[in-house]
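Structure first, then comments.
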Amino acid sequence: MSFEPKIIAFLCNWCSYAGADLAGVSRSKCSPNVMSIRLMCSGGLEPAFVLKAFKEGADGVLVCGCNLGDCHYVDGNYKTLMRMTLLKKLVKQLGIEEERVRLQWVCASCAEDFVQAVNTITNDVKALGPYTQIKIEAEAETSRI
Amino acid sequence: MDDDIKIGVYVCHCGHNIADVIDVEDVAQRARKSGNVSVSRDYVYMCSSKGQNLIKQDIMQLGINRVVVAACSPRLYEQTFQNVLRESGLNPYLLQIANVREQCAWVHEAGLQATEKANRLVHGAIRRVSHHSPVEEQSVPVFPATLVIGGGIAGIQAALEIANSRHVVYLVEREPSIGGHMAQFDKTFPTLDCSACILTPKMNEVSRNPYIRLMTYSEVTDVSGYVGNFAVKVKRKARYIDEDKCVGCGICQEKCPWSTASEFDAGLGMRKAVYTPFPQAIPNIPVIDRERCVYFLKGKCRACEKVCEAQAINFEQEDMYIDLQVGSIIVATGFDVFDPTPIVQYGYGRLPNVFTSLEFERLCSPSGPTGGQLKLVSGRTPESVAIIHCVGSRDKNYNAYCSRVCCMHSLKYSHLFKEKTGGEVYQLYIDMRCAGKAYEEFYERVQGEHVHFIRGKLASIAAGVTDAEEDNLILTCEDTLLGNLINISVDMVVLCVALEPRHDTEQLSHILRLGRSHDGFFLERHPKLDPVATMSEGIFVVGCCQGPKDIPDTVAQASAASARALAMISKGKMEMGAITASVDEVVCSGCKVCNALCPYSAIFFDEISNVSRVNQVLCKGCNVCGAACPSGAISTRNFSTIQILAEIEGVLA
Amino acid sequence: MALITPFQEAAALVREAGGLELDQCYQCGLCTGSCPWNLVREFPVRKLIHQAQLGVIDFEAEYTWLCTTCRSCVQCCPRGVDIIDIMKAMRRVVAETGVSKVPDSLWLAVSNIAGSGNPLGQPAGQRGDWATPPTKKAKTDSGILYFPCCIPAYEPRLKKVAQATARILEAAGVDYKILPEVENCCGESVRKSGHENLFQSLAQKNMQAFSNAGINKIIVNSPHCYDTFKKEYTELGAEFKVIHIVQYLSQLIDEGKLKFSTEVKKKVTYHDSCYLARHNGIYDEPRHVLESIPGIEIVEMPDIKENTLCCGGGGGRIWMDTKKNERFSDLRLQQAKNVNAEVLALSCPYCMLNFEDSLIDFQGAVSMEIKDIVELVCEGIA
Ligand SMILES: Cc1cc2nc3c(=O)[nH]c(=O)nc-3n(C[C@H](O)[C@H](O)[C@H](O)COP(=O)(O)OP(=O)(O)OC[C@H]3O[C@@H](n4cnc5c(N)ncnc54)[C@H](O)[C@@H]3O)c2cc1C
Ligand code: SF4
Ligand code: SF4
Ligand code: FES
């Protein structure tokens, strides 16, 4: 059987989750490998969530927030932007390929952006193959950026 | 796992919507096998009253104390199902929704994969809900007084609306008089009403209304607290005139020997060191401008003191700070006009007879420096004028946005110029934007007055040399409809300058904790559905401080915001969001990392216990602080770290 | 009605070069109004932009070759359209696809550059001749290169500017080298006139030569070399620093390394070149240098600093014929005369060529010394 990755998407409640809902309302089709988890703001994403996902067997993580300037909480997504840069570095140090982590702004009417992000990360992760855990066990518990 | 936890799982078919793609029975069956799940059902429409009753019955009869609903998006029916819990005696936050419609059935093809995903989502919800605990909704009492900052037409309107329903309003105005920009205009488009005739009665009403506490020559210096109960500090600058004694006779202004350029006349006329900005000022009590008064500068004069029969002059007065308590705040600080000096090609400040729109208003006004006569610097009546649109607007080098009122006031100027001089009028425009009730009609009317409309942006103005006693002005511009570069010779040029955010918007935005949009104006909560509220609960923005607009829109916004303030007062309390962050004081290391991150300044540091704390009324629950806390001490209700980690585990299990 | 144009693909290339900003042009005509061409003849810039928007471009029109890349229009365009990019794209399409003809005179200069590394068609071997007496060739392992630009290297009037520069550098004790054997034209006018491939090859050759010689800093006379090295070579990966001679002189003066001994008793007006002032915001340094020369009295013309009036020589125009009554430099010379200047001070070789021509145009009606700033400095330290 072909490799079907498991990918977690963290969506902010205001734009991204609404954008993902809109994809459904407009009956766009996307790959079923991505499961979303709702947060209030992408800026509330704890780095530990991402590491936890890999630890629990995820093959990739997608993070979505409002377009820059549109965050429901003024500037939460700028914090996301900075944290994701750091997080990508950390993830790399842990031996996880950078492509397994993706940041995408999705506005409430940007269903297509969401669908595309979902398909892109699915394809990227499929190309990389399953994620095999290396060092994450120990690190996940301790590292919070 | 906890034995006391009894989870009920309810899988909705949503008719065919979900059931055709996902094997709902399989989902319900598999859920049953998870720990702590006591009951699991699927039903054709969970949101119907029958579906709701299924849940209610289980709660009451089986003692279910956590609920998972696998159905449509929580953005649609979360509240409905929360009510089901509430009505069954359970805290509404002991619920978790798995979105198997919008984010599963509707985006995937029917089959195993879709069902597998649904199972995972439900499983995540089951794990998560085990960690839910009751969340109490909070409300705060509303103090029945309102602060209005800025006394232009926006602030005046808002203050009157609230005062007329017999609630106290504090109206704080920085200048010696209320009135704002509207008081400077001669006529207003599109009806050409005399501005003073419609504004002055409202200003008088403000001064008479017993519910309005008017504070002019004053500024808000500090705001703390939150919706329902703001503590406000107002600085009342010393007027050096006793407001109780002054009778407004004006003799001091007459006798004061020191003059300076009048701000109200846009620098075209003069005023004294002791002055009211204009004759109809409210209050009709002068101020002594300590920057200009020679007594303050050199220690000698006090001429006014000698002539004031009421003995109202008091050089000993000092600035005062007053503390106010209010339930909500309406910000109505208006706009500044763009200074065109940096566009050197236009020669403003260098070439005589190049004026700004605001200056032109004063030249037209009967109370202005020329008594309403249009005059060139030499005193001659101009025979032609060019009115230039979009100066500093719609221009990436200055302000990218459209200032919205200039097309219309340009038309107004065309009419006024024709009326006063009968001369030639050239309008240099890029696009004519006359959207508004009776606006297009006004455009047509002015076209009928033989105005020359030239479509093109002015490139430069040069001083021409003529035989007349003064130089005329030579304009260069492409007439884009002719496709030719043209030169126009006129006596006078009016630059219709952009409406810009007040120069101190930044400062005020810190005091009030308000956001600003890209253009620098205050940011509304929602551009379409909530254009007067802000992200700071209980603070509203009205008129031009929110963005350029005309008087009708300004007044409409002011009335809208006062209705909101009154609604809060009449309800007596405000419900606050239940999803907020809190700090576990045992775990907090006192590092303060979170303090600066909160966009609402809701986190404060308790120096005594050496821990950070979250103000529950200000917090909006974004968890930006939680994500940053190095000790993991911050948790956001209903989106706690443990809950999300459990959901991740469940989804991936 | 569909828009029909004979060269659809060519037009599409131009559209692409204009990017998002091209679409955002709202046809206000400010570019036309601010373009110096319209002081002397018709040049419908806005219309060309609209044609580019719609893809109905007349590649055969003379307009394709007029733009001097002076940047007046770009500087004030309210929608941020890079009009110069669009003009360059039109030329490139002509040069590369042959939809129309490149003007003969321009063609000649470009072929010369391709053949012998300089637009004048002089032998490559003579590039260093300017430096034989009175200046000695600086032979050191210094990382500082003095790059005089093709015109000062070959053209008799401009050679004096190169020589004056060398003299000053030596007086200030600057350890520098010259590389006449290996350097080529920087390629500025080549690129602006649409010959992209030639530009790329010149740039590669120069970058290679500079890096072989261990160069980390280049002093230039020409604002055009300055702009090209600084922006376009850097984009291609060059790592050296570039400094225009007026900036360098201003620094040397501040550091006390350049001392003046002779009064230059003259009334001087400074003409800002487009590429220093408008393209690179350099207009304080040349004035600072002039002020430092004892005896000089500075008078200003009406259009200065970032609002300077183009001499007409940029964008490859220097190699094309400009009709007698259509020369901007004539207007500028008149401005200099109106403020009663005795000397028109410059900092660009193209400007020098144009103003020397204008002086001839006026047939003695204007008496004015045309000097590069370095020549005035040289007089001051003599
Ligand atoms: C030249 C020109 C002509 C116009 N003509 C027309 C017309 O004919 N018809 C029409 O409908 N519209 C017209 N407008 C638009 C009109 O001016 C505005 O719609 C209106 O003035 C907005 O009122 P406002 O109360 O929001 O702002 P403002 O009139 O600017 O009033 C704001 C008030 O707040 C005060 N203030 C500012 N900061 C503070 C502070 N920090 N603390 C305390 N007080 C403060 C100011 O002193 C001022 O009194 C014109 C605009 C211009 C520029
Ligand atoms: S100045 Fe800019 S916006 Fe105006 S016509 Fe020219 S390119 Fe278009
Ligand atoms: S760059 Fe100069 S010459 Fe070229 S179109 Fe613009 S203004 Fe005219
Ligand atoms: S609410 Fe969407 S990123 Fe902050």
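By convention in this document, the chains of the structure tokens carry letters A, B, ... by their order, each chain's residues are numbered from 1, and ligands are numbered from 1 in the order they are shown.
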Sorted by chain and rising residue number, which residues of chain B lie within 10 Å of ligand 4, and what are their closest atom pairs and distances in Å to one decimal, counting only C-alpha atoms and all ligand atoms, as CSV?
```
residue,atom,partner,partner_atom_place_in_ligand_line,distance
B:Cys622,CA,ligand 4,4 (Fe),7.2
B:Asn623,CA,ligand 4,4 (Fe),9.7
B:Val624,CA,ligand 4,4 (Fe),8.8
```
Residue subset to file, keeping N, CA and C atoms, as a short mmCIF file (atom, residue, chain, number, x, y, z; two decimals), in the first residue's frame:
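Dumped everything to part19.cif:
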```cif
data_model
loop_
_atom_site.label_atom_id
_atom_site.label_comp_id
_atom_site.auth_asym_id
_atom_site.auth_seq_id
_atom_site.Cartn_x
_atom_site.Cartn_y
_atom_site.Cartn_z
N CYS B 622 -5.94 34.89 23.42
CA CYS B 622 -5.23 34.44 22.22
C CYS B 622 -4.14 33.43 22.53
N ASN B 623 -3.71 33.37 23.80
CA ASN B 623 -2.64 32.46 24.25
C ASN B 623 -1.26 32.79 23.70
N VAL B 624 -1.09 34.01 23.21
CA VAL B 624 0.25 34.41 22.76
C VAL B 624 1.21 34.33 23.94
#
```
Worksheet item: Which protein, DNA or RNA residues have an atom within 6 Å of ligand 2, counting only C-alpha atoms and all ligand atoms, as a VMD selection string?
Response: chain C and resid 25 to 31 46 77 to 79 81
Those same residues, written as a JSON list (two decimals), in the first residue's frame with N, CA, C and O atoms?
```json
[["chain", "number", "residue", "atom", "x", "y", "z"],
["C", 25, "CYS", "N", -1.02, 51.47, -12.61],
["C", 25, "CYS", "CA", -1.00, 52.82, -13.16],
["C", 25, "CYS", "C", -2.42, 53.28, -13.39],
["C", 25, "CYS", "O", -3.22, 52.57, -13.97],
["C", 26, "TYR", "N", -2.78, 54.46, -12.86],
["C", 26, "TYR", "CA", -4.14, 54.95, -13.07],
["C", 26, "TYR", "C", -4.19, 56.13, -14.05],
["C", 26, "TYR", "O", -5.10, 56.93, -14.01],
["C", 27, "GLN", "N", -3.14, 56.23, -14.86],
["C", 27, "GLN", "CA", -3.20, 57.13, -16.01],
["C", 27, "GLN", "C", -3.41, 58.58, -15.63],
["C", 27, "GLN", "O", -4.22, 59.28, -16.23],
["C", 28, "CYS", "N", -2.65, 59.02, -14.62],
["C", 28, "CYS", "CA", -2.82, 60.40, -14.18],
["C", 28, "CYS", "C", -2.02, 61.37, -15.04],
["C", 28, "CYS", "O", -2.29, 62.57, -15.05],
["C", 29, "GLY", "N", -0.99, 60.86, -15.73],
["C", 29, "GLY", "CA", -0.22, 61.74, -16.61],
["C", 29, "GLY", "C", 0.87, 62.53, -15.91],
["C", 29, "GLY", "O", 1.50, 63.39, -16.54],
["C", 30, "LEU", "N", 1.11, 62.24, -14.63],
["C", 30, "LEU", "CA", 2.15, 62.98, -13.93],
["C", 30, "LEU", "C", 3.52, 62.69, -14.54],
["C", 30, "LEU", "O", 4.40, 63.55, -14.57],
["C", 31, "CYS", "N", 3.69, 61.46, -15.05],
["C", 31, "CYS", "CA", 4.97, 61.10, -15.68],
["C", 31, "CYS", "C", 5.21, 61.99, -16.90],
["C", 31, "CYS", "O", 6.31, 62.53, -17.08],
["C", 46, "ARG", "N", 2.80, 58.72, -20.39],
["C", 46, "ARG", "CA", 1.61, 58.04, -19.88],
["C", 46, "ARG", "C", 0.99, 57.14, -20.94],
["C", 46, "ARG", "O", 0.58, 56.01, -20.68],
["C", 77, "CYS", "N", 5.84, 59.22, -9.46],
["C", 77, "CYS", "CA", 4.66, 58.43, -9.83],
["C", 77, "CYS", "C", 3.88, 58.02, -8.58],
["C", 77, "CYS", "O", 4.41, 57.39, -7.69],
["C", 78, "PRO", "N", 2.62, 58.42, -8.50],
["C", 78, "PRO", "CA", 1.84, 58.13, -7.29],
["C", 78, "PRO", "C", 1.54, 56.65, -7.11],
["C", 78, "PRO", "O", 1.15, 56.24, -6.03],
["C", 79, "ARG", "N", 1.70, 55.86, -8.15],
["C", 79, "ARG", "CA", 1.39, 54.44, -8.01],
["C", 79, "ARG", "C", 2.64, 53.57, -8.02],
["C", 79, "ARG", "O", 2.56, 52.36, -8.11],
["C", 81, "VAL", "N", 4.98, 53.10, -10.25],
["C", 81, "VAL", "CA", 5.32, 52.38, -11.47],
["C", 81, "VAL", "C", 6.80, 52.64, -11.81],
["C", 81, "VAL", "O", 7.25, 53.78, -11.80]]
```
Practice prompt. Identify, with DSSP run on backbone atoms, the residues in stretch 118-205 of chain C assigned to strand (DSSP E), and express the list as an MDAnalysis selection string.
Written response: chainID C and resid 144:147
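With only C-alpha atoms and all ligand atoms as the atoms that count, the minimum distance from ligand 1 to the choices B:Ile282, B:Val67, B:Ile5, B:Leu523 is reached by B:Ile282.
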Worksheet item: Which protein, DNA or RNA residues have an atom within 6 Å of ligand 3, counting only C-alpha atoms and all ligand atoms, as a list in words?
Response: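 These are the residues that qualify: Ser34, Cys35, Pro36, Val45, Cys67, Thr68, Thr69, Cys70, Arg71, Ser72, Cys73 and Ile84 of chain C.
Shortest atom-to-atom contact with chain A among B:Gln616, B:Thr580, B:Thr505, B:Ser393: B:Thr580, counting only C-alpha atoms.
Nearest-residue note for C:His224: choosing from C:Gly314, C:Pro123, C:Gly19, C:Pro286, the minimum distance belongs to C:Gly314, counting only C-alpha atoms.
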Practice prompt. Check every residue of chain B for an atom within 8 Å of chain C, counting only C-alpha atoms, and provide those that qualify as a list in words.
Written response: Arg394, Asp395, Lys396, Asn397, Ala400, Ile430, Arg455, Gly456, Lys457, Leu458, Ala459, Ser460, Thr476, Cys477, Glu478, Asp479, Thr480, Gly483, Asn484 and Leu485 of chain B
Worksheet item: Which neighbours of stretch 376-379 of chain C fall inside 8 Å, counting only C-alpha atoms, when residues of the same chain fewer than 2 positions from it are skipped, and could you give them as a list in words?
Response: Ala164, Thr165, Arg167, Ile168, Thr262, Val264, Val289, Leu290, Ile293, Lys371, Asp372, Ile373, Val374, Ile381 and Ala382 of chain C
Worksheet item: Which residues, written as a ChimeraX atom specification, have at least one atom at most 12 Å from C:Gln163, with only C-alpha atoms counted and residues fewer than 6 positions away on the same chain left out?
Response: /C:128-137,146-148,152-157,169-170,221,372,374-375,378
Worksheet item: Using only C-alpha atoms, which residues sit within 9 Å of A:Ala117 once same-chain residues fewer than 3 positions away are excluded, as a ChimeraX atom specification?
Response: /A:62,102-104,112-114,120-122
Convert the current residue selection to file output with N, CA and C atoms, as a PDB file, in the first residue's frame.
```
ATOM      1  N   LEU A  62       1.341  21.491   9.659  1.00  0.00           N
ATOM      2  CA  LEU A  62       0.989  22.714   8.934  1.00  0.00           C
ATOM      3  C   LEU A  62       0.474  23.726   9.954  1.00  0.00           C
ATOM      4  N   ARG A 102       5.348  23.566   7.826  1.00  0.00           N
ATOM      5  CA  ARG A 102       4.996  24.578   6.842  1.00  0.00           C
ATOM      6  C   ARG A 102       4.115  25.644   7.482  1.00  0.00           C
ATOM      7  N   LEU A 103       4.391  26.901   7.132  1.00  0.00           N
ATOM      8  CA  LEU A 103       3.564  28.004   7.633  1.00  0.00           C
ATOM      9  C   LEU A 103       2.817  28.602   6.448  1.00  0.00           C
ATOM     10  N   GLN A 104       1.528  28.811   6.611  1.00  0.00           N
ATOM     11  CA  GLN A 104       0.745  29.378   5.501  1.00  0.00           C
ATOM     12  C   GLN A 104      -0.309  30.321   6.077  1.00  0.00           C
ATOM     13  N   GLU A 112      -9.037  28.429  -1.194  1.00  0.00           N
ATOM     14  CA  GLU A 112      -8.104  27.803  -2.128  1.00  0.00           C
ATOM     15  C   GLU A 112      -6.679  27.769  -1.581  1.00  0.00           C
ATOM     16  N   ASP A 113      -6.306  28.817  -0.837  1.00  0.00           N
ATOM     17  CA  ASP A 113      -4.971  28.825  -0.230  1.00  0.00           C
ATOM     18  C   ASP A 113      -4.834  27.650   0.728  1.00  0.00           C
ATOM     19  N   PHE A 114      -5.929  27.411   1.464  1.00  0.00           N
ATOM     20  CA  PHE A 114      -5.873  26.313   2.427  1.00  0.00           C
ATOM     21  C   PHE A 114      -5.742  24.981   1.694  1.00  0.00           C
ATOM     22  N   THR A 120      -0.030  20.686  -0.909  1.00  0.00           N
ATOM     23  CA  THR A 120       1.428  20.834  -1.035  1.00  0.00           C
ATOM     24  C   THR A 120       2.152  20.071   0.059  1.00  0.00           C
ATOM     25  N   ILE A 121       1.708  20.277   1.299  1.00  0.00           N
ATOM     26  CA  ILE A 121       2.460  19.614   2.371  1.00  0.00           C
ATOM     27  C   ILE A 121       2.292  18.098   2.269  1.00  0.00           C
ATOM     28  N   THR A 122       1.110  17.637   1.839  1.00  0.00           N
ATOM     29  CA  THR A 122       0.914  16.192   1.686  1.00  0.00           C
ATOM     30  C   THR A 122       1.903  15.646   0.664  1.00  0.00           C
TER      31      THR A 122
END
```
Practice prompt. For stretch 641-647 of chain B, please output as an NGL selection string all residues within 7 Å (counting only C-alpha atoms; exclusion window: fewer than 5 positions along the same chain).
Written response: (:A and (49)) or (:B and (124-125 or 127-128 or 131 or 635))
Practice prompt. Mind checking which residues fall within 9 Å of B:Glu318, counting only C-alpha atoms, ignoring those fewer than 2 positions away in the same chain, and posting them as number ranges by chain?
Written response: B: 236-240, 315-316, 320
Atoms kept (N, CA and C atoms) for selection, written as a compact mmCIF listing (two decimals), in the first residue's frame:
```
# COMPACT_ATOMS: atom_id res chain seq x y z
N ARG B 236 -6.15 69.74 32.51
CA ARG B 236 -6.80 71.00 32.12
C ARG B 236 -5.73 72.08 32.12
N LYS B 237 -5.40 72.54 30.92
CA LYS B 237 -4.35 73.55 30.84
C LYS B 237 -4.86 74.85 31.44
N ALA B 238 -3.97 75.57 32.10
CA ALA B 238 -4.37 76.83 32.72
C ALA B 238 -4.81 77.81 31.64
N ARG B 239 -5.98 78.40 31.78
CA ARG B 239 -6.47 79.41 30.84
C ARG B 239 -5.98 80.80 31.25
N TYR B 240 -5.62 80.89 32.51
CA TYR B 240 -5.27 82.17 33.13
C TYR B 240 -6.45 83.14 33.15
N PHE B 315 -3.16 85.32 36.51
CA PHE B 315 -1.87 84.80 36.03
C PHE B 315 -1.30 83.73 36.95
N GLU B 316 -1.94 83.53 38.11
CA GLU B 316 -1.42 82.53 39.06
C GLU B 316 -1.95 81.14 38.75
N MET B 320 -4.25 71.78 35.81
CA MET B 320 -4.87 70.92 36.81
C MET B 320 -5.06 69.53 36.22
```
Discussion item. Taking only C-alpha atoms into account, find every residue of chain A that has an atom no more than 9 Å from chain B, and write it out as a PyMOL selection string.
Written reply: chain A and resi 6-8+13+17-18+20-49+52-53+56-58+69+72-76+79-80+143-145
Fill in: DSSP-assigned helix (DSSP H, G or I) members of stretch 40-250 of chain C, reported as a VMD selection string
chain C and resid 40 45 to 54 62 to 65 72 to 76 83 to 97 104 to 116 124 to 126 129 to 131 150 to 154 156 to 171 188 to 192 196 to 212 223 to 235 245 to 250
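Each of B:Ile18, B:Cys434, B:Cys12, B:Leu76 was compared to ligand 1 using only C-alpha atoms and all ligand atoms, and B:Cys434 turns out to be the nearest.
Atom CA of C:Lys160 is found 25.1 Å from atom CA of C:Asp254.
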Discussion item. Considering only C-alpha atoms, can you say which of B:Tyr10, B:Phe605, B:Tyr413, B:Tyr45 comes closest to B:Gln96?
Written reply: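 Among B:Tyr10, B:Phe605, B:Tyr413, B:Tyr45, it is B:Tyr10 that comes nearest to B:Gln96.
Among the candidate residues C:Asn216, C:Asn354, C:Ser189, C:Gln122, the one lying nearest to C:Lys177 is C:Asn216, with distances computed using only C-alpha atoms.
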